[in-house]
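Participant: Starting off with a structure, shown below.
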Amino acid sequence: MNAKSLLQPLAAAALALGLAAPAAGAAPQWVGTWSASPQATWGAGFALPNGAPERLHDQTVRQVARVSVGGGRVRIALSNAYGDAPVTIGAARIARSAGGSRIQAGSDRALTFGGRRAVTLLPGAPVLSDPVELEVAALGEVAVSLYLPQDTALRTFHWEGRQDAFLVGGDRTADARLDGGQVLQTRPFLSGVYVEAAQPVRRVVAFGDSITDGAASTPNRYRRWPDALAQRLAPRGVAVLNAGISGARVLSDGMGVSALARFERDVLSQRPDSVVLLMGINDIAWPGSTFEPTRAAVDAQRLIDGYRQLIAQARLHGVRIVGATLTPFEDALPGSPIHDYYSPAKERVRQTVNAWIRDSGEFDAVVDFDAVVRDPQRPTRFLPAYDSGDRLHPGDAGYRAMAAAVDDTLLFGRR
């Protein structure tokens, strides 16, 4: 069999996945394989707890991340996006995770930044580490350890980690395991992991709020809908990046800056092939609730205008944008400190917005998450089997059903 005959089946397989056929001798490429969108920390006066220490000093924090696609070299991104002072990282290391705070023997690597072990994150700025040789498999876990030697105010983090992070005293970045410290479920400073992939990789960004961020999913088990999507697609050469922020809105800042403000940083900078947009329920529900008791309601047209701006930005950069319908929220958050999140008037706005998402033809494709998870007998609520119990967020089964509804044609079009 000649070389051309050998390449033909590979090309056909690549086209079936919506991938470009690999060119002979194609150079490796750096791709984002995991992300956590930066947020500003908040004080005790907010309706939800911060869950992170206010300051760090002579402490090591170890965070675990499950990548999507793998590669032979790796680097990380750190963010001081919301800091008002420099942050010094005295040492940073990466290893393959062995579960919990443990790392696999022989896999630990020191990270450098411009050849130096220490780095300063300037206010408002990101930092990218130098590449390091480390074989990381698709869907493999890495442990990133950061040592903060100086008294440091924690101003930039990701709130909804859904994964244990480990905080201990001293520089213990090289320790095989971290015992005796504090367990966090937030992500200080770490915003991305990149791998050098030997084969062409397609990229999908899930851009949303707490339902994309995985609120109410089982911690430490990767049960968010983008996790389930990555489980299916990453072994086929598709990177899935989660750019969800709990409390996120399209039009206004809240527990993160607005979608319009962060779209370029959290989505377009990843050079994705497609983005799945699931956001807007907080734009509708926050006004008049405990979060914003005096704010005026947002009408459907304002939210639609915001979507149109995101569509325009995506098209300008050649990115396919998939609109997702907003899921049910009748009587959301019962028994919680958050009141008046739902009302019949807000439900009418959701229905109007969903009708536009489905029928306007302005998105490149639509995934009807509302139809996937709603109760046919009471469509303003979740199907009980898919409800986490708070009537706002899916449980693990609901997230799996959502991921199953996102197919290759939606993401990459027909080939």
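In the structure tokens, each chain is lettered A, B, ... as it comes, each chain's residues begin at 1, and ligands are numbered from 1 in order of appearance.
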Taking only C-alpha atoms into account, produce a table as JSON lines in which each residue of stretch 74-191 of chain A with an atom at most 10 Å from an atom of stretch 206-227 of chain A appears once, together with its shortest atom pair and the distance in Å to one decimal, ordered by chain and rising number.
Facilitator:
```
{"residue": "A:Gly99", "atom": "CA", "partner": "A:Asn220", "partner_atom": "CA", "distance": 9.7}
{"residue": "A:Gly100", "atom": "CA", "partner": "A:Asn220", "partner_atom": "CA", "distance": 8.9}
{"residue": "A:Leu139", "atom": "CA", "partner": "A:Asp227", "partner_atom": "CA", "distance": 9.4}
{"residue": "A:His158", "atom": "CA", "partner": "A:Asp213", "partner_atom": "CA", "distance": 10.0}
{"residue": "A:Trp159", "atom": "CA", "partner": "A:Asp213", "partner_atom": "CA", "distance": 9.5}
{"residue": "A:Glu160", "atom": "CA", "partner": "A:Asp213", "partner_atom": "CA", "distance": 6.6}
{"residue": "A:Gly161", "atom": "CA", "partner": "A:Asp213", "partner_atom": "CA", "distance": 8.2}
{"residue": "A:Arg162", "atom": "CA", "partner": "A:Pro219", "partner_atom": "CA", "distance": 4.6}
{"residue": "A:Gln163", "atom": "CA", "partner": "A:Asn220", "partner_atom": "CA", "distance": 4.7}
{"residue": "A:Asp164", "atom": "CA", "partner": "A:Asn220", "partner_atom": "CA", "distance": 6.7}
{"residue": "A:Gln185", "atom": "CA", "partner": "A:Pro219", "partner_atom": "CA", "distance": 8.7}
```
Participant: Near A:Asp273, within 8 Å and counting only C-alpha atoms, which residues show up once chain neighbours fewer than 5 positions away are dropped, as a PDB file with C-alpha atoms, in the first residue's frame?
Facilitator:
```
ATOM      1  CA  ARG A 202     -10.627  21.637  17.153  1.00  0.00           C
ATOM      2  CA  ARG A 203     -11.738  23.844  20.024  1.00  0.00           C
ATOM      3  CA  VAL A 204     -15.162  24.332  21.577  1.00  0.00           C
ATOM      4  CA  GLY A 318     -14.819  33.310  12.033  1.00  0.00           C
ATOM      5  CA  VAL A 319     -16.234  31.494  15.070  1.00  0.00           C
ATOM      6  CA  ARG A 320     -19.402  29.403  14.795  1.00  0.00           C
ATOM      7  CA  PHE A 412     -19.057  22.173  13.313  1.00  0.00           C
TER       8      PHE A 412
END
```
Participant: Pick from A:Val193, A:Leu241, A:Val366, A:Leu154: nearest to A:Pro272, with only C-alpha atoms counted?
Facilitator: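 Looking at the shortest contact to A:Pro272, the residue is A:Leu241.
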Participant: Could you check which of A:Gly306, A:Arg348, A:Ala153, A:Ala397 is closest to A:Gly83, using only C-alpha atoms?
Facilitator: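 Among the listed residues, A:Ala153 lies closest to A:Gly83.
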Participant: List the neighbours of A:Gly280 out to 6 Å using only C-alpha atoms; skip same-chain residues closer than 2 positions along the sequence, and give me the result as a list in words.
Facilitator: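 The filter keeps Arg249, Val250, Asn282 and Asp283 of chain A.
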Participant: Atoms to include: C-alpha atoms. Write the selected residues as a PDB file, in the first residue's frame.
Facilitator:
```
ATOM      1  CA  ARG A 249     -24.985  37.815  32.870  1.00  0.00           C
ATOM      2  CA  VAL A 250     -24.954  38.989  29.284  1.00  0.00           C
ATOM      3  CA  ASN A 282     -29.552  35.864  35.603  1.00  0.00           C
ATOM      4  CA  ASP A 283     -30.200  38.939  33.449  1.00  0.00           C
TER       5      ASP A 283
END
```
Participant: Applying 8 Å and only C-alpha atoms, which residues near stretch 124-128 of chain A remain after dropping the ones on its own chain fewer than 6 positions away? List them as a list in words.
Facilitator: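 Skipping anything fewer than 6 positions along the chain leaves Arg75, Ile76, Ala77, Leu78, Ser79, Asn80, Ala81, Tyr82, Gly83, Asp84 and Phe113 of chain A.
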Participant: Could you write those residues out with N, CA, C and O atoms, as an mmCIF file, in the first residue's frame?
Facilitator:
```cif
data_model
loop_
_atom_site.group_PDB
_atom_site.id
_atom_site.type_symbol
_atom_site.label_atom_id
_atom_site.label_comp_id
_atom_site.auth_asym_id
_atom_site.auth_seq_id
_atom_site.Cartn_x
_atom_site.Cartn_y
_atom_site.Cartn_z
ATOM 1 N N ARG A 75 1.945 23.956 29.558
ATOM 2 C CA ARG A 75 2.232 25.238 30.212
ATOM 3 C C ARG A 75 0.939 25.723 30.859
ATOM 4 O O ARG A 75 -0.154 25.248 30.514
ATOM 5 N N ILE A 76 1.044 26.659 31.777
ATOM 6 C CA ILE A 76 -0.138 27.150 32.479
ATOM 7 C C ILE A 76 -0.278 28.662 32.297
ATOM 8 O O ILE A 76 0.681 29.353 31.954
ATOM 9 N N ALA A 77 -1.486 29.149 32.535
ATOM 10 C CA ALA A 77 -1.758 30.578 32.557
ATOM 11 C C ALA A 77 -2.236 30.961 33.951
ATOM 12 O O ALA A 77 -3.050 30.255 34.556
ATOM 13 N N LEU A 78 -1.713 32.068 34.451
ATOM 14 C CA LEU A 78 -2.122 32.633 35.732
ATOM 15 C C LEU A 78 -2.702 34.017 35.474
ATOM 16 O O LEU A 78 -2.327 34.691 34.507
ATOM 17 N N SER A 79 -3.604 34.450 36.346
ATOM 18 C CA SER A 79 -4.261 35.736 36.138
ATOM 19 C C SER A 79 -4.302 36.556 37.421
ATOM 20 O O SER A 79 -4.637 36.043 38.491
ATOM 21 N N ASN A 80 -3.976 37.833 37.275
ATOM 22 C CA ASN A 80 -4.170 38.833 38.327
ATOM 23 C C ASN A 80 -5.107 39.911 37.791
ATOM 24 O O ASN A 80 -4.905 41.107 38.015
ATOM 25 N N ALA A 81 -6.146 39.456 37.071
ATOM 26 C CA ALA A 81 -7.013 40.374 36.328
ATOM 27 C C ALA A 81 -7.645 41.445 37.207
ATOM 28 O O ALA A 81 -7.854 42.571 36.754
ATOM 29 N N TYR A 82 -7.964 41.107 38.451
ATOM 30 C CA TYR A 82 -8.697 42.050 39.304
ATOM 31 C C TYR A 82 -7.871 42.530 40.495
ATOM 32 O O TYR A 82 -8.403 43.171 41.401
ATOM 33 N N GLY A 83 -6.588 42.230 40.486
ATOM 34 C CA GLY A 83 -5.722 42.706 41.556
ATOM 35 C C GLY A 83 -5.376 44.174 41.398
ATOM 36 O O GLY A 83 -5.319 44.698 40.283
ATOM 37 N N ASP A 84 -5.151 44.830 42.533
ATOM 38 C CA ASP A 84 -4.710 46.225 42.493
ATOM 39 C C ASP A 84 -3.255 46.356 42.942
ATOM 40 O O ASP A 84 -2.757 47.462 43.150
ATOM 41 N N PHE A 113 9.229 30.961 34.234
ATOM 42 C CA PHE A 113 8.592 32.085 33.551
ATOM 43 C C PHE A 113 9.720 32.946 33.001
ATOM 44 O O PHE A 113 10.424 33.607 33.765
#
```
Participant: Please determine, counting only C-alpha atoms, which residue among A:Arg350, A:Arg155, A:Arg265, A:Arg358 has the shortest atom-to-atom distance to A:Trp42.
Facilitator: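 Counting only C-alpha atoms, the residue closest to A:Trp42 is A:Arg155.
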Participant: Pick out the closest residue to A:Asp370 from this set: A:Ala405, A:Ala47, A:Leu410, A:Ile89. Count only C-alpha atoms.
Facilitator: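 Nearest candidate to A:Asp370 out of A:Ala405, A:Ala47, A:Leu410, A:Ile89: A:Ala405.
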Participant: Could you give me, as a PyMOL selection string, the residues within 9 Å of stretch 312-314 of chain A, counting only C-alpha atoms and dropping anything in the same chain fewer than 5 positions from it?
Facilitator: chain A and resi 263-264+268+274-275+307+319-321
Participant: Taking the DSSP assignment computed from this structure's backbone, write out as a VMD selection string all residues of stretch 271-361 of chain A that belong to alpha helix (DSSP H).
Facilitator: chain A and resid 281 to 285 300 to 316 344 to 359
Participant: Please identify the strand (DSSP E) residues within stretch 364-399 of chain A (assignment by DSSP from backbone atoms) and present them as an MDAnalysis selection string.
Facilitator: chainID A and resid 365:367 374:375 378:382
Participant: If we count only C-alpha atoms, what is near A:Arg400 at a cut-off of 7 Å, once residues fewer than 4 positions away on the same chain are taken out, given as a list of chain:residue names?
Facilitator: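 The residues that qualify are A:Trp225, A:Ala228, A:Asp396, A:Ala404.
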Participant: Which residue gives the smallest distance to A:Ala403 among A:Ile284, A:Leu326, A:Val240, A:Leu134, with only C-alpha atoms counted?
Facilitator: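 Result for the nearest residue to A:Ala403: A:Val240.
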Participant: Counting only C-alpha atoms, figure out which residue out of A:Arg66, A:Arg117, A:Arg55, A:Arg236 gets nearest to A:Pro188.
Facilitator: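 Smallest distance to A:Pro188 is found for A:Arg55.
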Participant: Pull the closest atom pair for each residue of stretch 334-398 of chain A that gets at most 10 Å from stretch 287-291 of chain A, along with the distance in Å to one decimal, counting only C-alpha atoms, ordering rows by chain and then ascending residue number, as JSON lines.
Facilitator:
```
{"residue": "A:Pro337", "atom": "CA", "partner": "A:Thr290", "partner_atom": "CA", "distance": 7.8}
{"residue": "A:Ile338", "atom": "CA", "partner": "A:Thr290", "partner_atom": "CA", "distance": 5.3}
{"residue": "A:His339", "atom": "CA", "partner": "A:Thr290", "partner_atom": "CA", "distance": 5.4}
{"residue": "A:Asp340", "atom": "CA", "partner": "A:Ser289", "partner_atom": "CA", "distance": 4.6}
{"residue": "A:Tyr341", "atom": "CA", "partner": "A:Ser289", "partner_atom": "CA", "distance": 5.0}
{"residue": "A:Tyr342", "atom": "CA", "partner": "A:Ser289", "partner_atom": "CA", "distance": 8.1}
{"residue": "A:Ser343", "atom": "CA", "partner": "A:Gly288", "partner_atom": "CA", "distance": 9.5}
{"residue": "A:Lys346", "atom": "CA", "partner": "A:Pro287", "partner_atom": "CA", "distance": 9.5}
```
Participant: Go ahead and save the residues from that selection, with all heavy atoms, as a CSV table (one decimal), in the first residue's frame.
Facilitator:
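result.csv, freshly written:
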```
chain,number,residue,atom,x,y,z
A,337,PRO,N,-31.3,31.7,51.0
A,337,PRO,CA,-31.4,33.2,51.3
A,337,PRO,C,-31.8,34.1,50.1
A,337,PRO,O,-32.0,35.3,50.3
A,337,PRO,CB,-30.0,33.5,51.8
A,337,PRO,CG,-29.2,32.3,51.9
A,337,PRO,CD,-29.9,31.3,51.1
A,338,ILE,N,-31.9,33.5,48.9
A,338,ILE,CA,-32.2,34.3,47.7
A,338,ILE,C,-33.7,34.2,47.5
A,338,ILE,O,-34.3,33.1,47.3
A,338,ILE,CB,-31.5,33.7,46.5
A,338,ILE,CG1,-30.0,33.6,46.8
A,338,ILE,CG2,-31.7,34.6,45.3
A,338,ILE,CD1,-29.3,34.8,47.2
A,339,HIS,N,-34.4,35.3,47.5
A,339,HIS,CA,-35.8,35.4,47.4
A,339,HIS,C,-36.2,36.1,46.1
A,339,HIS,O,-35.4,36.9,45.6
A,339,HIS,CB,-36.5,36.1,48.6
A,339,HIS,CG,-36.1,35.5,49.9
A,339,HIS,ND1,-36.5,34.2,50.2
A,339,HIS,CD2,-35.4,35.9,50.9
A,339,HIS,CE1,-36.1,33.9,51.4
A,339,HIS,NE2,-35.4,34.9,51.9
A,340,ASP,N,-37.4,35.8,45.6
A,340,ASP,CA,-38.0,36.5,44.4
A,340,ASP,C,-37.2,36.4,43.2
A,340,ASP,O,-37.2,37.3,42.3
A,340,ASP,CB,-38.2,38.0,44.8
A,340,ASP,CG,-39.2,38.2,45.9
A,340,ASP,OD1,-40.2,37.5,46.0
A,340,ASP,OD2,-38.8,39.0,46.8
A,341,TYR,N,-36.5,35.3,43.0
A,341,TYR,CA,-35.7,35.0,41.8
A,341,TYR,C,-36.6,34.8,40.6
A,341,TYR,O,-36.3,35.2,39.5
A,341,TYR,CB,-34.8,33.8,42.1
A,341,TYR,CG,-33.7,33.6,41.0
A,341,TYR,CD1,-32.5,34.2,41.1
A,341,TYR,CD2,-33.9,32.7,40.0
A,341,TYR,CE1,-31.5,34.0,40.2
A,341,TYR,CE2,-32.9,32.4,39.0
A,341,TYR,CZ,-31.7,33.1,39.1
A,341,TYR,OH,-30.8,32.9,38.2
A,342,TYR,N,-37.7,34.1,40.9
A,342,TYR,CA,-38.7,33.8,39.8
A,342,TYR,C,-40.0,34.6,40.0
A,342,TYR,O,-40.4,35.0,41.1
A,342,TYR,CB,-39.1,32.3,39.9
A,342,TYR,CG,-40.2,31.9,39.0
A,342,TYR,CD1,-39.9,31.6,37.6
A,342,TYR,CD2,-41.5,32.0,39.4
A,342,TYR,CE1,-40.9,31.2,36.8
A,342,TYR,CE2,-42.5,31.6,38.5
A,342,TYR,CZ,-42.2,31.3,37.2
A,342,TYR,OH,-43.2,30.9,36.3
A,343,SER,N,-40.6,35.0,38.9
A,343,SER,CA,-41.9,35.5,38.9
A,343,SER,C,-42.6,35.2,37.6
A,343,SER,O,-41.9,34.9,36.6
A,343,SER,CB,-41.9,37.1,39.1
A,343,SER,OG,-41.4,37.7,37.9
A,346,LYS,N,-41.1,37.4,34.8
A,346,LYS,CA,-39.8,36.9,34.4
A,346,LYS,C,-39.9,35.7,33.5
A,346,LYS,O,-39.2,35.6,32.5
A,346,LYS,CB,-38.9,36.6,35.6
A,346,LYS,CG,-38.6,37.9,36.4
A,346,LYS,CD,-37.8,37.5,37.7
A,346,LYS,CE,-37.5,38.7,38.5
A,346,LYS,NZ,-36.7,38.4,39.8
```
Participant: Env of stretch 230-234 of chain A: 6 Å cut, atoms = only C-alpha atoms, seq-sep filter 4 positions within chain, self excluded. Answer as a list in words.
Facilitator: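 Selected residues are Ser68, Val69, Val238, Ala239 and Val240 of chain A.
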